[in-house]
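*Asks:* One structure is given below, represented as structure tokens, and several questions about it will come after.
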Amino acid sequence: MILGILGLQGDFYAHKKMGEKLGIETIIVRSPEDFEKIDGLIIPGGESTTITKLLSRYNLIKSLKKFHKEGKPIFGTCAGMILLAKKIDNHPDQFSFGFIDISVKRNAYGRQIESFEEDVSIPIIGKNPFRTVFIRAPKISRMGKSVESLAKHNSDHILAREGNILVGSFHPELTEDTRIYEYFLEMVKRTKP
Amino acid sequence: MEKGTLRLKVGLAEMLKGGVIMDVVNVKQAKIAEKSGAVSVMVLERVPADIRKAGGVARMADPNKIKEIMKAVSIPVMAKVRIGHFAEAQILESIGVDYIDESEVLTPADGESHIDKFKFKTPFVCGARNLGEALRRISEGAALIRTKGEPGTGNIVEAVRHMKLVNSEIKRMTTLKTKHLSNEAKNIRVPLEVVKLVFKTGKIPVPNFAAGGIATPADASLMMQLGAESIFVGSGVFKSTDPLRRAKAIVDAVTYFDKPDVLAKVSSGLGEAMKGIDISTMDEKDYMQTRSR
């Protein structure tokens, strides 16, 4: 199994380190050919506007759509979640793939000074709480019927899944806890022929 | 719920990796920067090249201008304060700036000490010419380090010198005998735990970006290949003849820094870069990089 990490901008090396920690082969994805080699893709945190621009300037939108059509799993964190959403409430003109039936609001908690970390219970990965790290984070403002919520912080859904698409508004790559990666890698394993 | 932790401060720098942070002096420039794909903008009254020309005391930008820019763009907004000027930093924190640059580009306010950055929830970036400076700033609470270079010159030579020096000093530190670490810590005036971290990991404990004199996509690629994790562009964009095009080209060059064919393409037909200054013709008293140690 080879895990791809979209490496246009953002903290993609932090994700790569998590894959390596779990003994998984990882590659940084920056060109259309890279998609041929990978079984699952992580879209990292970073600036969603920057990543979107680079995707379009380097003809990667088509490759990513094809990758999704083949049923291969994609995990988007923070900016990655914004890119995978159907609609961006406060930036309706910004491009997004719409692979998961959610609407999001960018920078919904406020600016950097409102960034926070907190222990949250995520039952699907086990009993022990998970340290969630939110940095200028987006919120899921609407969730379609086919989308399953996997975790909540207060009244907000922060981890959600629809089919082979997993999204989170926080940064598991900034902790030492690999459990969410193990969950995603299980998704990848199941789809691998 | 915890806010203002080191993890959150360093975390935002992590999100800015592989990106370009551009100096801007007004809303129009900030929008151009965002449109080009900048990951963040840095607000100043004047870009470094104009600070050099204007002379006098360079201070924090007008809070009103910073707020206007925060409203106009969706990317993080940084602003500079004078070295040691914690009151300017308190003002920037109160208006909600995302990152504070305690910067040698402005006229220093304290000749002795830097700001105690642990007192703030807002993260700080600081410049460094060598490993000692970098680790002293980190020990004061900086969550991001950048080379100083020689700002406002459009000349990359000093940023290259600083990046290479930091890297070679890190390498040297990892080869020290364990019993010599405390002496090393004393020599560079840094807490022993911080020296031990570098000794163990072979890198500084926060992200390391490049700044000071970057004017072309090739400059950006050069700094990335030397180990920078992102690029600050000061005067280089808005002192050129076609800012949007050049800004886009530098953004692309940071992502594809190791792909010469992409660099060739984005470097073509950009119009004139900023004129720049040959450092060897400069008077040392005009250096900005020596304003803090």
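Residues in the structure tokens are numbered from 1 in each chain, the chains being A, B, ... in the order shown, and ligands are numbered from 1 in the order shown.
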Write out as a PDB file with C-alpha atoms, in the first residue's frame each polymer residue whose atoms come within 6 Å of region 124-129 of chain B, counting only C-alpha atoms; drop sequence neighbours fewer than 4 positions from it.
*Replies:*
ATOM      1  CA  TYR B  99       1.577  36.368  13.669  1.00  0.00           C
ATOM      2  CA  ILE B 100       3.901  39.087  14.999  1.00  0.00           C
ATOM      3  CA  ASP B 101       7.324  39.646  13.419  1.00  0.00           C
ATOM      4  CA  GLU B 102       9.766  41.147  15.919  1.00  0.00           C
ATOM      5  CA  GLU B 133      20.549  33.956  17.475  1.00  0.00           C
ATOM      6  CA  ALA B 134      17.935  31.427  16.358  1.00  0.00           C
ATOM      7  CA  ALA B 142       9.587  32.598  19.092  1.00  0.00           C
ATOM      8  CA  ALA B 143       7.555  29.890  17.283  1.00  0.00           C
ATOM      9  CA  LEU B 144       9.117  30.473  13.866  1.00  0.00           C
ATOM     10  CA  ILE B 145      12.607  31.493  12.732  1.00  0.00           C
ATOM     11  CA  ARG B 146      13.571  33.127   9.444  1.00  0.00           C
ATOM     12  CA  THR B 147      16.931  34.184   8.067  1.00  0.00           C
ATOM     13  CA  LYS B 148      17.534  37.902   8.296  1.00  0.00           C
ATOM     14  CA  HIS B 162      22.640  32.929   7.116  1.00  0.00           C
TER      15      HIS B 162
END
*Asks:* Write down, as a list in words, each residue of chain B that has any atom within 6 Å of an atom of chain A, counting only C-alpha atoms.
*Replies:*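 Matching residues, ligands excluded from the count: Met1, Glu2, Lys3, Glu14, Met15, Leu16, Lys17, Gly18, Gly19, Gly37, Val39, Asp98, Thr122 and Thr255 of chain B.
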*Asks:* Can you spit out the residues from that selection as a CSV table (one decimal), in the first residue's frame, using N, CA, C and O atoms?
*Replies:*
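Result file follows (again38.csv):
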chain,number,residue,atom,x,y,z
B,1,MET,N,-10.3,23.6,27.4
B,1,MET,CA,-9.8,24.2,26.2
B,1,MET,C,-8.6,25.0,26.4
B,1,MET,O,-8.6,25.9,27.3
B,2,GLU,N,-7.5,24.8,25.7
B,2,GLU,CA,-6.3,25.6,25.9
B,2,GLU,C,-6.0,26.4,24.6
B,2,GLU,O,-6.1,25.9,23.5
B,3,LYS,N,-5.6,27.7,24.9
B,3,LYS,CA,-5.3,28.5,23.8
B,3,LYS,C,-3.9,29.1,23.9
B,3,LYS,O,-3.3,29.1,25.1
B,14,GLU,N,3.5,25.6,10.8
B,14,GLU,CA,3.4,24.4,10.0
B,14,GLU,C,2.5,24.5,8.8
B,14,GLU,O,2.8,24.1,7.7
B,15,MET,N,1.4,25.2,9.0
B,15,MET,CA,0.4,25.4,7.9
B,15,MET,C,0.9,26.3,6.9
B,15,MET,O,0.4,26.3,5.7
B,16,LEU,N,1.9,27.1,7.2
B,16,LEU,CA,2.4,28.1,6.2
B,16,LEU,C,3.5,27.5,5.4
B,16,LEU,O,4.1,28.2,4.5
B,17,LYS,N,3.9,26.3,5.7
B,17,LYS,CA,5.1,25.7,5.0
B,17,LYS,C,4.8,25.5,3.5
B,17,LYS,O,3.7,25.3,3.1
B,18,GLY,N,5.9,25.6,2.8
B,18,GLY,CA,5.8,25.4,1.3
B,18,GLY,C,5.0,26.6,0.7
B,18,GLY,O,4.4,26.4,-0.3
B,19,GLY,N,5.1,27.7,1.4
B,19,GLY,CA,4.3,28.9,0.9
B,19,GLY,C,5.1,30.2,0.9
B,19,GLY,O,6.3,30.2,1.2
B,37,GLY,N,-1.7,33.6,-4.6
B,37,GLY,CA,-1.5,32.3,-3.9
B,37,GLY,C,-0.7,32.4,-2.7
B,37,GLY,O,-0.2,31.4,-2.2
B,39,VAL,N,0.4,32.6,1.1
B,39,VAL,CA,-0.2,31.9,2.3
B,39,VAL,C,-0.5,32.9,3.4
B,39,VAL,O,-1.3,32.6,4.3
B,98,ASP,N,-2.5,37.6,13.2
B,98,ASP,CA,-2.2,36.2,13.4
B,98,ASP,C,-0.8,35.8,13.8
B,98,ASP,O,-0.5,34.8,14.4
B,122,THR,N,-0.5,35.3,20.9
B,122,THR,CA,-0.2,35.4,19.5
B,122,THR,C,1.3,34.9,19.2
B,122,THR,O,2.2,35.3,20.0
B,255,THR,N,6.7,25.8,-4.4
B,255,THR,CA,6.1,24.4,-4.5
B,255,THR,C,7.0,23.5,-5.4
B,255,THR,O,7.3,22.4,-5.0
*Asks:* Mind listing the strand (DSSP E or B) residues of region 33-174 of chain A, per DSSP on the backbone, as a PyMOL selection string?
*Replies:* chain A and resi 40-43+74-77+85-88+100-105+116-120+130-134+139-143+148-153+156-162+165-168
*Asks:* Residues at most 7 Å from Lys86 (chain A), counting only C-alpha atoms, excluding those fewer than 6 positions away in the same chain, as a PDB file with C-alpha atoms, in the first residue's frame?
*Replies:*
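Generated output (selection.pdb):
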ATOM      1  CA  SER A  96     -14.127  22.913  -3.973  1.00  0.00           C
ATOM      2  CA  PHE A  97     -14.477  19.291  -5.156  1.00  0.00           C
ATOM      3  CA  GLY A  98     -17.805  18.465  -3.504  1.00  0.00           C
ATOM      4  CA  PHE A  99     -16.834  14.829  -2.848  1.00  0.00           C
ATOM      5  CA  ILE A 100     -18.617  14.908   0.516  1.00  0.00           C
ATOM      6  CA  ASP A 101     -22.065  16.383   1.090  1.00  0.00           C
ATOM      7  CA  ILE A 102     -21.177  19.020   3.654  1.00  0.00           C
ATOM      8  CA  SER A 103     -21.058  22.799   3.742  1.00  0.00           C
TER       9      SER A 103
END
*Asks:* Have a look at A:Leu22, A:Leu41, A:Met81, A:Val188 and name the one nearest to Phe67 (chain A); count only C-alpha atoms.
*Replies:* A:Leu41
*Asks:* Go ahead and compute the interatomic distance for CA of Leu192 (chain B) and CA of Gly132 (chain B), in Å to one decimal.
*Replies:*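 These atoms are spaced 12.3 Å apart.
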*Asks:* Smallest atom-to-atom distance to Glu140 (chain B): which of B:Val43, B:Val194, B:Val73, B:Leu181, using only C-alpha atoms?
*Replies:* B:Val194
*Asks:* Contacts of Phe184 (chain A) at 9 Å or less, counting only C-alpha atoms, minus same-chain residues fewer than 6 places along, as a PDB file with C-alpha atoms, in the first residue's frame?
*Replies:*
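To be explicit, this is the file written out as part.pdb:
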ATOM      1  CA  GLY A  40      -5.081   6.582  -0.757  1.00  0.00           C
ATOM      2  CA  PRO A  73     -10.102   6.926  -0.232  1.00  0.00           C
ATOM      3  CA  ILE A  74      -9.234  10.557   0.498  1.00  0.00           C
ATOM      4  CA  PHE A  75      -8.711  12.105   3.933  1.00  0.00           C
ATOM      5  CA  LEU A 166     -13.002  11.234   5.464  1.00  0.00           C
TER       6      LEU A 166
END
*Asks:* Excluding same-chain residues fewer than 2 positions from Ser155 (chain A), what lies within 12 Å of it counting only C-alpha atoms, as a tab-separated table (two decimals) with N, CA, C and O atoms, in the first residue's frame?
*Replies:*
chain	number	residue	atom	x	y	z
A	139	LYS	N	-15.52	25.09	10.23
A	139	LYS	CA	-16.58	24.30	10.85
A	139	LYS	C	-17.43	23.67	9.77
A	139	LYS	O	-17.60	24.26	8.69
A	140	ILE	N	-17.99	22.51	10.08
A	140	ILE	CA	-19.00	21.92	9.20
A	140	ILE	C	-20.33	22.58	9.56
A	140	ILE	O	-20.79	22.46	10.68
A	141	SER	N	-20.90	23.30	8.62
A	141	SER	CA	-22.13	24.05	8.94
A	141	SER	C	-23.39	23.28	8.54
A	141	SER	O	-24.48	23.56	9.03
A	149	SER	N	-21.44	11.36	11.09
A	149	SER	CA	-20.59	12.12	12.01
A	149	SER	C	-19.83	11.16	12.91
A	149	SER	O	-20.41	10.27	13.51
A	151	ALA	N	-17.31	12.36	15.19
A	151	ALA	CA	-16.93	13.02	16.44
A	151	ALA	C	-17.51	14.42	16.50
A	151	ALA	O	-17.76	15.06	15.45
A	152	LYS	N	-17.73	14.86	17.73
A	152	LYS	CA	-18.27	16.20	17.93
A	152	LYS	C	-17.46	16.95	18.97
A	152	LYS	O	-16.96	16.35	19.92
A	153	HIS	N	-17.30	18.25	18.78
A	153	HIS	CA	-16.76	19.13	19.81
A	153	HIS	C	-17.87	20.12	20.13
A	153	HIS	O	-18.30	20.87	19.25
A	157	HIS	N	-19.85	19.13	14.51
A	157	HIS	CA	-19.25	17.90	13.97
A	157	HIS	C	-17.83	18.23	13.52
A	157	HIS	O	-17.63	19.18	12.77
A	158	ILE	N	-16.86	17.43	13.96
A	158	ILE	CA	-15.46	17.75	13.64
A	158	ILE	C	-14.76	16.65	12.84
A	158	ILE	O	-13.67	16.84	12.33
*Asks:* Between B:Gly152, B:Gly269, B:Pro217, B:Gly212, single out the one closest to Thr241 (chain B), counting only C-alpha atoms.
*Replies:*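 Among the listed residues, B:Gly269 lies closest to Thr241 (chain B).
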